[in-house]
Each structure stands twice: as C-alpha cells, then as structure tokens.
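Colleague: The structure's right below; bear with me while I get my questions together.
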Amino acid sequence: MAALSGVVAGFVMPANFYGEGAAEIVTVLGFLIAAFVPAMALSATAIRAGGFSVMRIRALGAAVDRQIKVFGGLFLYALAACAITILGKLLKWGLPELPIRAGTYSLSLDLSLVFPVILTALFVFLGLRAVTFIGGILSILNLQTSIAEDEARARDRERDQAAVDELDAYELPASYGTRIDVTH
C-alpha cells in the first residue's frame with residue numbers, strides 16, 4: 001500500500017510538493033521519534049517475574065523483543081523521512097534530470113520525483129503502522145496488568161495462609177466446648 005502510494009505520488013505530485021510544509025513535517029516526525037524511544041525503553045523493562053513460569057517469561061520476552069524491533073523500525077522509518085525531508089529542503093527539492101536513450105528514443109527521468117515518491121511511501125507506511133504502535137503500548141499495559149495481578153494473588157495467598165496459620169496456632173480455653181448443666 002505504501003509503495004503503491006509512493007509510485008502514484010511520483011506521477012501526480014510535483015517534486016516540491018512537500019516543500020512548503022517541510023518544517024511542520026520535520027516537527028511531527030520529531031514528535032514520533034520522541035515517542036518511539038521511551039516506548040522501546042518501556043518495552044525493555046516491562047517483564048518482571050511476577051507469578052509466571054520460566055516458559056511463560058521466555059515467551060513474553062520473545063514477544064517484547066519483537067515489539068521493540070517494530071518500534072525500532074518505526075523509529076528508523078521516521079528518522080529516514082525526516083532526513084529526506086531535510087535533504088529535499090536543502091536541495092530546494094531539485095535533482096538533475098537523467099537522460100535515457102534507447103536507440104532512436106530519448107527521454108529524461110526527473111530524479112527530483114524521488115522526493116514525493118519516497119516521502120509519500122514513508123508517510124503512508126508510518127500512518128498504517130501507527131495502529132500497531134498503539135497496539136504495542138496497549139500490550140505492554142496488558143502485560144504489566146497481568147504481572148501485577150499475579151503479584152497481588154501471591155500476596156493474597158501469603159496473607160490468607162498467614163491468617164490460617166494464626167487460627168491454627170490459637171489455643172482454645174480448656175473448658176471450651178464443655179457442657180454446663182444449669183438447674184432451673
């Protein structure tokens with residue numbers, strides 16, 4: 001979808017299409033980059049033992065590893081879009097034309113179109129993957145909630161067992177349960 005959008009952009013957009021909004025684009029991409037870094041750090045520190053088995057912790061570790069790689073990829077795509085936007089602005093959205101000759105046919109390829117092609121593809125890709133970013137953050141929340149629930153259950157079991165032990169240790173008075181005859 002992103003690649004197709006980029007190709008279409010190459011045919012319908014002028015090379016300097018993103019020129020007027022370059023500062024705003026870089027600002028928005030900066031916000032995205034600033035969101036991805038703490039998300040990766042949060043993911044990396046999300047797993048605690050809780051009441052999980054070793055096998056479950058390994059499975060969670062593999063899932064968090066995939067999640068960090070997705071966040072890292074989004075970080076790099078946003079960084080690439082930022083760099084291309086800055087490069088386009090520095091080059092005034094222009095690159096030389098490349099003449100192509102094949103026998104008697106001759107045409108020229110405007111290399112400046114690389115800017116709308118690549119930027120549109122990256123923007124569409126980042127937009128589509130933003131849903132996975134939100135899903136990733138929600139999965140960290142679910143993981144943290146699950147760990148907290150397991151830790152709370154363990155605390156509750158310990159507290160309940162302590163109450164049972166306390167009741168077991170309680171000694172009833174010697175006369176407890178004896179029958180007293182009361183005369184009328």
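In the structure tokens, chains take the letters A, B, ... in the order shown, each chain's residues start at 1, and ligands count up from 1 in the order shown.
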Can you tell me, as a PyMOL selection string, what residues are no more than 10 Å from region 109-120 of chain A when counting only C-alpha atoms, ignoring any on the same chain fewer than 4 positions away?
Modeller: chain A and resi 2-19+80-82+84-85+87-89+91-100+124-126
Colleague: List the spatial neighbours of Phe36 (chain A) as a list of chain:residue names - criterion: any atom at most 10 Å away, only C-alpha atoms, same-chain residues fewer than 3 positions off excluded.
Modeller: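 Listed by chain and then number, they are A:Gly30, A:Phe31, A:Leu32, A:Ile33, A:Ala39, A:Met40, A:Ala41, A:Leu42, A:Ile68, A:Val70, A:Phe71, A:Gly72, A:Gly73, A:Leu74, A:Phe75, A:Leu76, A:Ala78, A:Phe133.
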Colleague: Just the strand (DSSP E) stuff from region 48-112 of chain A, please, per backbone DSSP, written as an MDAnalysis selection string.
Modeller: chainID A and resid 97:102 105:110
Colleague: Keeping N, CA, C and O atoms for every residue in the selection just given, could you write it to a file as an mmCIF file, in the first residue's frame?
Modeller:
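Output (part.cif):
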```cif
data_model
loop_
_atom_site.group_PDB
_atom_site.id
_atom_site.type_symbol
_atom_site.label_atom_id
_atom_site.label_comp_id
_atom_site.auth_asym_id
_atom_site.auth_seq_id
_atom_site.Cartn_x
_atom_site.Cartn_y
_atom_site.Cartn_z
ATOM 1 N N GLU A 97 18.101 16.001 -14.102
ATOM 2 C CA GLU A 97 17.371 15.026 -14.910
ATOM 3 C C GLU A 97 18.358 14.030 -15.485
ATOM 4 O O GLU A 97 19.489 14.369 -15.813
ATOM 5 N N LEU A 98 17.912 12.794 -15.594
ATOM 6 C CA LEU A 98 18.753 11.720 -16.114
ATOM 7 C C LEU A 98 18.275 11.385 -17.531
ATOM 8 O O LEU A 98 17.157 10.899 -17.707
ATOM 9 N N PRO A 99 19.124 11.695 -18.544
ATOM 10 C CA PRO A 99 18.705 11.379 -19.912
ATOM 11 C C PRO A 99 18.801 9.866 -20.158
ATOM 12 O O PRO A 99 19.776 9.227 -19.780
ATOM 13 N N ILE A 100 17.766 9.313 -20.783
ATOM 14 C CA ILE A 100 17.754 7.886 -21.110
ATOM 15 C C ILE A 100 17.566 7.780 -22.622
ATOM 16 O O ILE A 100 16.597 8.308 -23.189
ATOM 17 N N ARG A 101 18.501 7.069 -23.250
ATOM 18 C CA ARG A 101 18.443 6.895 -24.706
ATOM 19 C C ARG A 101 18.414 5.401 -25.008
ATOM 20 O O ARG A 101 19.228 4.639 -24.510
ATOM 21 N N ALA A 102 17.485 5.017 -25.828
ATOM 22 C CA ALA A 102 17.391 3.638 -26.285
ATOM 23 C C ALA A 102 17.158 3.673 -27.788
ATOM 24 O O ALA A 102 16.040 3.895 -28.257
ATOM 25 N N TYR A 105 14.934 6.417 -29.519
ATOM 26 C CA TYR A 105 14.074 7.018 -28.497
ATOM 27 C C TYR A 105 14.921 7.687 -27.420
ATOM 28 O O TYR A 105 15.957 7.183 -27.033
ATOM 29 N N SER A 106 14.432 8.789 -26.973
ATOM 30 C CA SER A 106 15.135 9.526 -25.927
ATOM 31 C C SER A 106 14.106 10.133 -24.978
ATOM 32 O O SER A 106 13.104 10.688 -25.419
ATOM 33 N N LEU A 107 14.354 9.975 -23.717
ATOM 34 C CA LEU A 107 13.522 10.635 -22.717
ATOM 35 C C LEU A 107 14.399 10.981 -21.524
ATOM 36 O O LEU A 107 15.533 10.529 -21.409
ATOM 37 N N SER A 108 13.878 11.791 -20.679
ATOM 38 C CA SER A 108 14.647 12.158 -19.493
ATOM 39 C C SER A 108 13.827 11.840 -18.255
ATOM 40 O O SER A 108 12.609 12.030 -18.245
ATOM 41 N N LEU A 109 14.497 11.355 -17.261
ATOM 42 C CA LEU A 109 13.865 10.991 -15.997
ATOM 43 C C LEU A 109 14.209 12.052 -14.971
ATOM 44 O O LEU A 109 15.380 12.316 -14.698
ATOM 45 N N ASP A 110 13.179 12.684 -14.427
ATOM 46 C CA ASP A 110 13.373 13.733 -13.425
ATOM 47 C C ASP A 110 13.636 13.073 -12.067
ATOM 48 O O ASP A 110 12.729 12.546 -11.428
#
```
Colleague: Report, in Å with one decimal, the straight-line distance from CA of Leu90 (chain A) to CA of Glu24 (chain A).
Modeller: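 One can read the CA of Leu90 (chain A) to CA of Glu24 (chain A) distance as 15.2 Å.
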